[in-house]
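Q: Pasting protein08.tsv here (TSV, C-alpha atoms):
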chain	number	residue	atom	x	y	z
L	8	MET	CA	5.90	-6.62	23.17
L	9	TRP	CA	3.60	-6.28	26.13
L	10	ARG	CA	5.60	-6.89	29.23
L	11	SER	CA	3.87	-9.60	31.28
L	12	LEU	CA	1.76	-8.16	34.07
L	13	SER	CA	1.01	-10.45	37.02
L	14	LEU	CA	-2.61	-10.29	38.10
L	15	MET	CA	-3.09	-8.05	41.05
L	16	LEU	CA	-6.39	-8.21	42.79
L	17	LEU	CA	-8.41	-5.33	44.07
L	18	ALA	CA	-7.62	-5.05	47.74
L	19	SER	CA	-10.48	-4.41	50.14
L	20	ALA	CA	-11.06	-5.77	53.78
L	21	LEU	CA	-13.31	-8.86	53.87
L	22	VAL	CA	-15.87	-8.08	56.46
L	23	GLY	CA	-19.30	-9.22	57.42
L	24	CYS	CA	-21.62	-9.10	60.39
L	25	VAL	CA	-24.05	-11.25	62.28
L	26	GLY	CA	-27.06	-9.61	63.79
L	27	LYS	CA	-25.85	-6.41	65.46
L	28	HIS	CA	-22.21	-7.42	65.64
L	29	SER	CA	-19.71	-4.94	64.21
L	30	LEU	CA	-18.03	-5.71	60.89
L	31	GLY	CA	-14.69	-7.49	61.07
L	32	ASP	CA	-12.19	-9.49	59.04
L	33	ASN	CA	-13.38	-12.96	57.90
L	34	GLN	CA	-16.71	-12.65	59.65
L	35	ALA	CA	-18.21	-16.09	60.17
L	36	CYS	CA	-21.54	-17.02	58.58
L	37	PRO	CA	-24.44	-16.21	58.80
L	38	CYS	CA	-23.95	-12.97	56.87
L	39	ALA	CA	-25.36	-9.47	56.88
L	40	PRO	CA	-27.40	-8.16	53.92
L	41	GLY	CA	-25.17	-7.59	50.89
L	42	TRP	CA	-22.94	-10.52	51.83
L	43	THR	CA	-23.01	-14.23	50.86
L	44	CYS	CA	-21.74	-17.17	52.87
L	45	ASP	CA	-18.80	-19.02	51.29
L	46	ALA	CA	-19.63	-22.48	52.64
L	47	THR	CA	-16.18	-23.87	51.82
L	48	ARG	CA	-14.59	-21.47	54.33
L	49	ASP	CA	-17.63	-20.53	56.42
L	50	VAL	CA	-16.95	-16.81	55.94
L	51	CYS	CA	-18.94	-13.97	54.37
L	52	VAL	CA	-18.05	-12.54	50.96
L	53	ALA	CA	-19.50	-9.52	49.17
L	54	THR	CA	-22.35	-10.29	46.77
L	55	THR	CA	-21.87	-7.16	44.66
L	56	GLY	CA	-19.13	-8.70	42.51
L	57	SER	CA	-16.33	-6.77	44.20
L	58	CYS	CA	-14.22	-7.66	47.19
L	59	PRO	CA	-14.24	-5.45	50.28
L	60	ALA	CA	-11.17	-3.39	51.20
L	61	GLY	CA	-8.21	-5.39	52.47
L	62	THR	CA	-9.00	-8.59	50.55
L	63	LEU	CA	-7.96	-10.20	47.25
L	64	ARG	CA	-10.05	-11.74	44.49
L	65	ILE	CA	-10.21	-15.44	43.64
L	66	PRO	CA	-11.24	-15.86	39.97
L	67	GLY	CA	-14.42	-17.87	39.47
L	68	PRO	CA	-14.05	-21.22	37.62
L	69	GLY	CA	-16.03	-19.93	34.63
L	70	SER	CA	-14.49	-16.47	34.40
L	71	CYS	CA	-13.08	-17.05	30.91
L	72	ALA	CA	-16.25	-18.71	29.61
L	73	ALA	CA	-18.17	-15.45	29.12
L	74	PRO	CA	-19.81	-15.27	25.69
L	75	ALA	CA	-18.18	-13.09	23.06
L	76	GLY	CA	-19.64	-9.59	23.15
L	77	HIS	CA	-19.96	-6.65	20.80
L	78	VAL	CA	-17.09	-4.21	20.60
L	79	VAL	CA	-17.69	-1.12	22.74
L	80	PRO	CA	-16.70	2.01	20.78
L	81	TYR	CA	-14.79	4.83	22.44
L	82	LYS	CA	-13.34	8.01	21.01
L	83	THR	CA	-11.56	9.87	23.81
L	84	VAL	CA	-8.76	9.26	26.28
L	85	ALA	CA	-11.30	9.73	29.09
L	86	ASP	CA	-13.47	6.95	27.62
L	87	LEU	CA	-10.50	4.58	27.50
L	88	GLU	CA	-9.50	5.40	31.06
L	89	ALA	CA	-13.02	4.72	32.33
L	90	LEU	CA	-13.19	1.38	30.51
L	91	ILE	CA	-9.75	-0.01	31.38
L	92	GLN	CA	-9.54	0.66	35.11
L	93	GLY	CA	-10.03	-2.43	37.28
L	94	ASP	CA	-8.76	-5.99	37.67
L	95	TRP	CA	-8.40	-8.28	34.64
L	96	LEU	CA	-7.83	-12.04	34.26
L	97	ARG	CA	-5.89	-13.15	31.18
L	98	CYS	CA	-7.72	-15.93	29.30
L	99	SER	CA	-5.51	-16.43	26.24
L	100	GLY	CA	-2.56	-14.99	24.37
L	101	THR	CA	0.73	-13.76	25.70
L	102	ASP	CA	2.38	-10.50	26.62
L	103	TYR	CA	4.90	-8.99	29.01
L	104	ALA	CA	2.57	-9.62	31.95
L	105	ALA	CA	2.32	-13.36	31.30
L	106	GLN	CA	5.70	-14.06	32.91
L	107	PHE	CA	4.44	-12.78	36.27
L	108	GLY	CA	0.96	-14.26	36.56
L	109	PRO	CA	-2.52	-14.45	35.09
L	110	GLY	CA	-3.80	-10.91	35.47
L	111	LEU	CA	-3.47	-7.19	35.49
L	112	ARG	CA	-4.65	-4.30	37.64
L	113	ILE	CA	-5.12	-0.84	36.12
L	114	SER	CA	-5.68	1.73	38.87
L	115	PRO	CA	-7.29	5.20	38.65
L	116	ASP	CA	-4.12	6.81	40.08
L	117	HIS	CA	-2.31	5.79	36.86
L	118	THR	CA	-0.41	2.93	38.44
L	119	TRP	CA	-0.59	-0.66	37.25
L	120	SER	CA	0.46	-4.01	38.67
L	121	ALA	CA	0.64	-7.53	37.35
L	122	LEU	CA	-1.43	-9.98	39.38
L	123	ALA	CA	0.30	-13.15	40.57
L	124	THR	CA	-1.44	-16.20	42.02
L	125	GLY	CA	-1.06	-16.36	45.79
L	126	ASP	CA	-2.44	-18.42	48.67
L	127	GLY	CA	-5.86	-19.93	48.09
L	128	GLY	CA	-5.83	-18.95	44.41
L	129	ALA	CA	-6.16	-15.25	45.17
L	130	LEU	CA	-4.54	-12.85	42.75
L	131	GLU	CA	-2.04	-10.57	44.44
L	132	PRO	CA	-0.61	-7.35	42.98
L	133	ILE	CA	3.12	-7.10	42.44
L	134	THR	CA	4.33	-3.96	44.22
L	135	SER	CA	8.04	-4.57	44.79
L	136	GLY	CA	11.16	-5.54	42.88
L	137	PHE	CA	12.17	-4.33	39.42
L	138	ASP	CA	9.38	-5.71	37.18
L	139	GLY	CA	5.65	-6.26	36.98
L	140	TYR	CA	4.38	-2.83	38.01
L	141	GLY	CA	4.74	0.87	37.28
L	142	THR	CA	2.68	3.71	35.87
L	143	TRP	CA	0.45	4.00	32.82
L	144	THR	CA	-0.52	6.68	30.34
L	145	ALA	CA	-2.93	6.97	27.41
L	146	ASP	CA	-2.62	9.17	24.36
L	147	GLU	CA	-4.36	9.68	21.03
L	148	VAL	CA	-1.84	8.67	18.36
L	149	TYR	CA	-4.23	9.63	15.55
L	150	ALA	CA	-7.95	10.33	15.19
L	151	ASP	CA	-10.03	7.91	17.28
L	152	HIS	CA	-7.01	5.63	17.88
L	153	ILE	CA	-5.85	5.79	21.49
L	154	GLN	CA	-2.82	3.93	22.80
L	155	ILE	CA	-2.41	2.62	26.33
L	156	ASN	CA	1.19	2.62	27.60
L	157	LEU	CA	2.40	0.49	30.51
L	158	LEU	CA	5.59	2.03	31.85
L	159	ILE	CA	7.81	-0.22	33.97
L	160	VAL	CA	9.14	1.03	37.27
L	161	SER	CA	12.71	0.22	36.21
L	162	GLY	CA	12.37	2.09	32.91
L	163	GLY	CA	11.01	1.31	29.46
L	164	GLY	CA	7.58	-0.18	28.85
L	165	THR	CA	5.15	-1.25	26.16
L	166	GLY	CA	2.21	0.26	24.30
L	167	GLY	CA	-0.76	-0.99	22.34
L	168	PHE	CA	-4.43	-0.61	21.54
L	169	ALA	CA	-7.19	-1.80	23.88
L	170	THR	CA	-10.51	-3.14	22.61
L	171	PHE	CA	-13.44	-3.85	24.93
L	172	THR	CA	-16.69	-5.79	24.56
L	173	ASP	CA	-20.01	-5.34	26.32
L	174	THR	CA	-19.55	-8.73	28.04
L	175	GLY	CA	-16.52	-7.56	30.02
L	176	GLN	CA	-13.70	-8.70	27.73
L	177	MET	CA	-10.58	-6.76	26.74
L	178	ARG	CA	-7.87	-7.33	24.14
L	179	LEU	CA	-4.50	-5.54	24.43
L	180	ASP	CA	-3.12	-5.55	20.89
L	181	ASN	CA	0.52	-4.58	20.44
L	182	GLY	CA	0.91	-6.26	17.06
L	183	ASN	CA	1.86	-9.59	18.62
L	184	ALA	CA	0.72	-12.70	16.73
L	185	THR	CA	-1.19	-13.84	19.83
L	186	PRO	CA	-2.41	-10.69	21.61
L	187	PRO	CA	-3.72	-11.30	25.13
L	188	ASP	CA	-7.45	-11.44	25.79
L	189	TYR	CA	-8.67	-10.59	29.29
L	190	VAL	CA	-11.96	-10.72	31.16
L	191	ARG	CA	-12.90	-8.33	33.95
L	192	LEU	CA	-12.60	-9.92	37.40
L	193	SER	CA	-15.75	-9.73	39.46
L	194	GLY	CA	-14.75	-11.70	42.56
L	195	GLY	CA	-16.99	-14.58	41.48
L	196	GLY	CA	-14.70	-17.11	43.13
L	197	GLY	CA	-14.82	-15.34	46.46
L	198	CYS	CA	-12.46	-13.12	48.41
L	199	VAL	CA	-9.72	-13.86	50.92
L	200	GLY	CA	-7.98	-11.70	53.46
L	201	SER	CA	-4.68	-10.07	52.64
L	202	GLY	CA	-1.91	-8.18	54.36
L	203	ALA	CA	-1.34	-4.53	53.55
L	204	ALA	CA	-3.42	-3.48	50.59
L	205	GLY	CA	-0.64	-1.51	48.89
L	206	ALA	CA	-0.98	1.84	47.19
L	207	GLY	CA	-2.05	0.40	43.85
L	208	GLY	CA	-4.70	-1.79	45.42
L	209	SER	CA	-6.51	0.86	47.40
L	210	ALA	CA	-6.53	3.19	44.41
L	211	SER	CA	-8.15	0.66	42.11
L	212	THR	CA	-10.96	-0.29	44.47
L	213	ALA	CA	-12.90	2.87	43.72
L	214	GLY	CA	-12.10	2.65	40.03
L	215	GLY	CA	-13.37	-0.91	39.70
L	216	GLY	CA	-16.92	0.00	40.60
L	217	GLY	CA	-16.91	3.09	38.46
L	218	LEU	CA	-15.71	1.14	35.47
L	219	SER	CA	-18.47	-1.43	35.42
L	220	GLY	CA	-20.92	1.44	35.30
L	221	GLY	CA	-18.96	2.93	32.43
L	222	ILE	CA	-19.29	-0.23	30.37
L	223	GLY	CA	-23.02	-0.20	30.83
L	224	GLY	CA	-23.12	3.37	29.64
L	225	PHE	CA	-21.11	2.66	26.51
L	226	SER	CA	-22.72	-0.62	25.48
L	227	GLY	CA	-25.93	0.96	24.25
L	228	SER	CA	-24.18	3.31	21.88
L	229	GLY	CA	-23.88	3.33	18.11
L	230	GLY	CA	-21.80	0.52	16.69
L	231	ALA	CA	-22.17	-1.96	19.53
L	232	GLY	CA	-25.93	-1.81	19.56
L	233	GLY	CA	-26.14	-1.95	15.80
L	234	ALA	CA	-23.94	-5.00	15.57
L	235	SER	CA	-26.42	-7.18	17.45
L	236	GLY	CA	-28.92	-6.84	14.64
L	237	GLY	CA	-27.29	-9.54	12.50
L	238	SER	CA	-24.64	-7.60	10.65
L	239	ALA	CA	-22.74	-4.57	11.73
L	240	GLY	CA	-24.78	-2.35	9.50
L	241	GLY	CA	-27.82	-4.31	8.42
L	242	GLY	CA	-25.84	-5.89	5.61
L	243	ALA	CA	-26.69	-6.49	2.00
L	244	GLY	CA	-28.76	-9.56	2.83
L	245	GLY	CA	-31.33	-7.71	4.94
L	246	ALA	CA	-33.36	-10.11	7.07
L	247	THR	CA	-31.94	-13.22	5.36
L	248	VAL	CA	-28.59	-14.89	4.99
L	249	THR	CA	-27.49	-16.62	1.83
L	250	ILE	CA	-27.02	-20.38	1.40
L	251	PRO	CA	-24.23	-20.90	-1.16
L	252	GLY	CA	-25.01	-23.17	-4.11
L	253	PRO	CA	-22.74	-26.19	-4.75
L	254	GLY	CA	-21.48	-24.73	-8.02
L	255	ASP	CA	-20.98	-21.11	-6.97
L	256	CYS	CA	-17.20	-21.25	-7.27
L	257	ALA	CA	-17.38	-23.07	-10.64
L	258	ALA	CA	-18.60	-19.99	-12.52
L	259	PRO	CA	-16.53	-19.39	-15.67
L	260	ASP	CA	-13.92	-16.67	-15.54
L	261	GLY	CA	-15.27	-13.38	-16.81
L	262	HIS	CA	-13.80	-10.27	-18.35
L	263	ALA	CA	-12.40	-7.57	-16.05
L	264	LEU	CA	-14.84	-4.75	-15.40
L	265	PRO	CA	-13.23	-1.32	-15.56
L	266	TYR	CA	-14.26	1.34	-13.02
L	267	THR	CA	-13.08	4.92	-12.86
L	268	THR	CA	-14.55	6.43	-9.67
L	269	LEU	CA	-14.90	5.57	-5.99
L	270	ALA	CA	-18.67	5.51	-6.49
L	271	ASP	CA	-18.20	2.80	-9.15
L	272	LEU	CA	-16.02	0.75	-6.78
L	273	GLU	CA	-18.55	1.04	-3.96
L	274	ALA	CA	-21.47	0.04	-6.19
L	275	LEU	CA	-19.58	-3.02	-7.41
L	276	ILE	CA	-18.25	-4.28	-4.07
L	277	GLU	CA	-21.29	-3.99	-1.80
L	278	GLY	CA	-22.98	-7.32	-1.11
L	279	ASP	CA	-22.21	-10.85	0.10
L	280	TRP	CA	-19.21	-12.74	-1.29
L	281	LEU	CA	-18.12	-16.40	-1.02
L	282	LYS	CA	-14.38	-17.08	-0.85
L	283	CYS	CA	-13.33	-19.62	-3.49
L	284	SER	CA	-9.53	-19.59	-3.19
L	285	GLY	CA	-6.55	-17.65	-1.90
L	286	THR	CA	-5.70	-15.99	1.41
L	287	VAL	CA	-7.10	-12.98	3.28
L	288	PHE	CA	-6.54	-11.79	6.85
L	289	PHE	CA	-10.12	-12.23	8.09
L	290	PRO	CA	-11.74	-15.49	9.25
L	291	GLY	CA	-14.72	-17.29	7.73
L	292	ILE	CA	-15.67	-18.46	4.24
L	293	GLY	CA	-17.08	-15.22	2.94
L	294	VAL	CA	-17.45	-11.52	3.52
L	295	ARG	CA	-20.32	-9.02	3.61
L	296	ILE	CA	-19.63	-5.46	2.47
L	297	SER	CA	-22.47	-3.21	3.64
L	298	PRO	CA	-23.52	0.19	2.27
L	299	ASP	CA	-23.06	1.83	5.69
L	300	HIS	CA	-19.29	1.19	5.41
L	301	THR	CA	-19.24	-1.79	7.78
L	302	TRP	CA	-18.06	-5.30	6.90
L	303	ASN	CA	-18.49	-8.75	8.42
L	304	SER	CA	-16.86	-12.10	7.80
L	305	LEU	CA	-19.39	-14.79	6.91
L	306	GLU	CA	-19.14	-18.20	8.55
L	307	GLY	CA	-21.17	-21.36	8.07
L	308	GLY	CA	-24.30	-21.67	10.20
L	309	ASP	CA	-27.31	-23.98	10.50
L	310	GLY	CA	-28.53	-25.44	7.23
L	311	GLY	CA	-25.48	-24.15	5.39
L	312	ALA	CA	-26.56	-20.53	5.70
L	313	LEU	CA	-23.78	-17.98	6.01
L	314	GLN	CA	-23.98	-15.96	9.20
L	315	PRO	CA	-22.19	-12.61	9.68
L	316	ILE	CA	-19.71	-12.41	12.55
L	317	THR	CA	-20.80	-9.56	14.82
L	318	THR	CA	-19.18	-10.32	18.20
L	319	GLY	CA	-15.75	-10.94	19.65
L	320	PHE	CA	-12.55	-9.26	18.54
L	321	ASP	CA	-12.12	-10.48	14.96
L	322	GLY	CA	-14.04	-10.75	11.72
L	323	TYR	CA	-15.81	-7.40	11.41
L	324	GLY	CA	-15.24	-3.67	11.36
L	325	THR	CA	-15.52	-0.74	8.97
L	326	TRP	CA	-14.29	-0.10	5.44
L	327	THR	CA	-13.00	2.87	3.47
L	328	ASP	CA	-11.76	3.43	-0.06
L	329	GLU	CA	-9.41	5.97	-1.55
L	330	ASP	CA	-8.12	7.22	-4.88
L	331	LEU	CA	-4.34	6.74	-4.79
L	332	SER	CA	-3.65	8.08	-8.26
L	333	PRO	CA	-5.70	8.57	-11.42
L	334	VAL	CA	-7.84	5.44	-11.89
L	335	HIS	CA	-6.00	3.51	-9.15
L	336	PHE	CA	-8.15	2.77	-6.11
L	337	GLN	CA	-7.54	1.04	-2.79
L	338	PHE	CA	-10.18	-0.70	-0.68
L	339	ASN	CA	-9.41	-0.86	3.07
L	340	LEU	CA	-10.92	-3.32	5.55
L	341	LEU	CA	-10.40	-1.95	9.08
L	342	LYS	CA	-10.71	-4.33	12.03
L	343	ALA	CA	-12.84	-3.47	15.07
L	344	THR	CA	-9.71	-3.89	17.19
L	345	GLY	CA	-7.60	-1.59	15.02
L	346	GLY	CA	-5.38	-2.24	12.04
L	347	GLY	CA	-6.55	-4.00	8.91
L	348	ALA	CA	-5.50	-4.38	5.27
L	349	GLY	CA	-5.73	-2.44	2.03
L	350	TYR	CA	-6.50	-4.14	-1.27
L	351	VAL	CA	-6.51	-3.47	-4.98
L	352	VAL	CA	-9.88	-4.80	-6.17
L	353	THR	CA	-10.67	-6.33	-9.57
L	354	PHE	CA	-14.15	-7.44	-10.69
L	355	THR	CA	-15.30	-9.57	-13.63
L	356	ASP	CA	-18.56	-9.60	-15.52
L	357	SER	CA	-19.27	-13.15	-14.27
L	358	GLY	CA	-19.59	-12.01	-10.62
L	359	GLN	CA	-16.06	-12.58	-9.42
L	360	VAL	CA	-13.83	-10.29	-7.34
L	361	ARG	CA	-10.17	-10.46	-6.37
L	362	LEU	CA	-8.84	-8.72	-3.25
L	363	ASP	CA	-5.14	-8.32	-3.95
L	364	PHE	CA	-2.84	-7.51	-1.04
L	365	GLY	CA	0.36	-7.77	-3.06
L	366	ASP	CA	1.96	-10.94	-1.68
L	367	SER	CA	-1.40	-12.65	-1.19
L	368	ALA	CA	-4.87	-12.44	-2.70
L	369	GLY	CA	-8.35	-13.84	-2.17
L	370	ASN	CA	-10.77	-14.75	-4.96
L	371	PHE	CA	-14.50	-14.47	-4.28
L	372	VAL	CA	-17.78	-14.92	-6.15
L	373	ARG	CA	-20.89	-12.84	-5.51
L	374	LEU	CA	-23.69	-14.54	-3.56
L	375	ALA	CA	-27.11	-13.70	-4.93
L	376	ALA	CA	-28.97	-11.87	-2.17
L	377	GLY	CA	-32.10	-13.72	-1.11
L	378	ASP	CA	-31.62	-16.62	-3.57
L	379	ALA	CA	-32.04	-19.22	-0.89
L	380	GLY	CA	-32.39	-17.10	2.20
L	381	ALA	CA	-32.86	-18.26	5.74
L	382	GLY	CA	-33.61	-16.33	8.91
L	383	PRO	CA	-30.41	-15.10	10.60
Please, can you express the file's structure as structure tokens?
A:
Amino acid sequence: MWRSLSLMLLASALVGCVGKHSLGDNQACPCAPGWTCDATRDVCVATTGSCPAGTLRIPGPGSCAAPAGHVVPYKTVADLEALIQGDWLRCSGTDYAAQFGPGLRISPDHTWSALATGDGGALEPITSGFDGYGTWTADEVYADHIQINLLIVSGGGTGGFATFTDTGQMRLDNGNATPPDYVRLSGGGGCVGSGAAGAGGSASTAGGGGLSGGIGGFSGSGGAGGASGGSAGGGAGGATVTIPGPGDCAAPDGHALPYTTLADLEALIEGDWLKCSGTVFFPGIGVRISPDHTWNSLEGGDGGALQPITTGFDGYGTWTDEDLSPVHFQFNLLKATGGGAGYVVTFTDSGQVRLDFGDSAGNFVRLAAGDAGAGP
């Protein structure tokens, strides 16, 4: 599993100036342009969201309260490296880094450090001992699936898949039941002076600024932009979302509908479905299967309308289907964060569908598109 990485803050020297005075450590207020006075300590802090060289970050009190964002797609190792470099605060979940502190620093020189809580709440990088720091690599394990590997200085390490959102969140998924979710540190709680910056710290200062620009560049692309429209691909419901009727799950059992091609399967499965019984891996009370090969969980919204999940790390992604053998087809729901599940699908002529995973299955009924629509 992910080895716990203590949060290591970007090191830069806290400086400020008054009038024509030269910059210096912990410059007293009032502050020069580009700096803000921290009234609690009467010193100047950078207003750009990053701490100056030689200082450490203090996480802001609302750092983990950022709204869920849309997943930012990336396809190359270079994309991943641009997105992951910087300082991160862990908000939930557990991994190898958790035993050392609440954060993680990924530096452009391919070193990493856990960030531990130090004096004044500042996050300090671990740079000595046998654990909590080392080097990192990234490699494409198969098409469009890139793994980030944290290698420990004493040998060994851990690997997993990183997913980012356009609101500055990151999930490191190594298959753990509770993968850690992080948010990018911006120095919102202020900066404090530190001792020696350390090799890892100075390297990541430049990378931190470059990364935030990278996220802006990615967030307007393809899937992330499309997701904000209400469903990841426009969805079967168009501009409306369905309100389930009280008797939808009471429809009589129908006869199984045979299908013999992938085109038949796709024509039958596209649309909005209400879960009536059973177990599936995705959240919500329904699912939308869209013609553009995206899917979204449906959850209850205002007035009983079902709203597609389009943000965060769970509940949406893409789908594929495949012919495993003559007249045996599998339908695959792929999560935005990687992984997913493959199902054998059976339909009935009364609008029912079963997604059968082998040791578990979910039974759904088709929701009539536009029957009792409401604005999304």
Q: Return the single residue from L:Phe371, L:Phe168, L:Phe107, L:Phe288 that is closest to Glu147 of chain L, with distances computed using all atoms listed in the file.
A: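 Closest to Glu147 of chain L of all the choices is L:Phe168.
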Q: For atom CA of Phe338 of chain L and atom CA of Asp146 of chain L, quote the distance in Å rounded to one decimal.
A: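 So the answer is 28.0 Å.
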Q: One decimal, in Å: what's the spacing between atom CA of Thr268 of chain L and atom CA of Gly347 of chain L?
A: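 Computed distance, atom CA of Thr268 of chain L to atom CA of Gly347 of chain L, equals 22.8 Å.
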Q: Work out how far apart atom CA of His335 of chain L and atom CA of Arg295 of chain L are and give it in Å to one decimal.
A: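 Computing the Euclidean distance for atom CA of His335 of chain L and atom CA of Arg295 of chain L yields 22.9 Å.
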Q: I'd like the contact shell of Gln154 of chain L - 10 Å cut-off, all atoms listed in the file, skipping same-chain residues fewer than 5 positions apart - returned as JSON, numbers by chain.
A: {"L": [84, 87, 144, 145, 146, 147, 148, 149, 166, 167, 168, 169, 179, 180, 181]}
Q: Under the rule that only C-alpha atoms are counted, which of L:Ala274, L:Ala35, L:Ala343, L:Ala123 is the nearest residue to Phe171 of chain L?
A: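 Looking at the shortest contact to Phe171 of chain L, the residue is L:Ala343.
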Q: Skip Thr170 of chain L itself and residues of its chain fewer than 4 positions away, then list as JSON, numbers by chain all residues within 12 Å of it, counting only C-alpha atoms.
A: {"L": [76, 77, 78, 79, 80, 81, 82, 86, 87, 90, 91, 152, 153, 154, 155, 174, 175, 176, 177, 178, 179, 180, 181, 186, 187, 188, 189, 190, 319, 320, 321, 342, 343, 344, 345, 346]}
Q: Which is closest to Val372 of chain L among L:Trp326, L:Tyr140, L:Trp280, L:Tyr103, if we use only C-alpha atoms?
A: L:Trp280
Q: Considering all atoms listed in the file, state which residue in the set L:Gly136, L:Gly128, L:Gly108, L:Gly358 is at the smallest distance from Ala257 of chain L.
A: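 Smallest separation from Ala257 of chain L among the options: L:Gly358.
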Q: Considering all atoms listed in the file, can you say which of L:Thr101, L:Thr172, L:Asn156, L:Gly163 comes closest to Pro74 of chain L?
A: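 Of the candidates, the smallest distance to Pro74 of chain L is held by L:Thr172.
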Q: With distances taken over all atoms listed in the file, which residue among L:Gly291, L:Gly254, L:Pro298, L:Thr355 lies nearest Ala270 of chain L?
A: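 Nearest candidate to Ala270 of chain L out of L:Gly291, L:Gly254, L:Pro298, L:Thr355: L:Pro298.
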Q: Excluding Thr286 of chain L and residues on its chain fewer than 3 positions from it, collect all residues at most 12 Å away from it, counting all atoms listed in the file, and give them as an NGL selection string.
A: :L and (282-283 or 289-293 or 361-371)
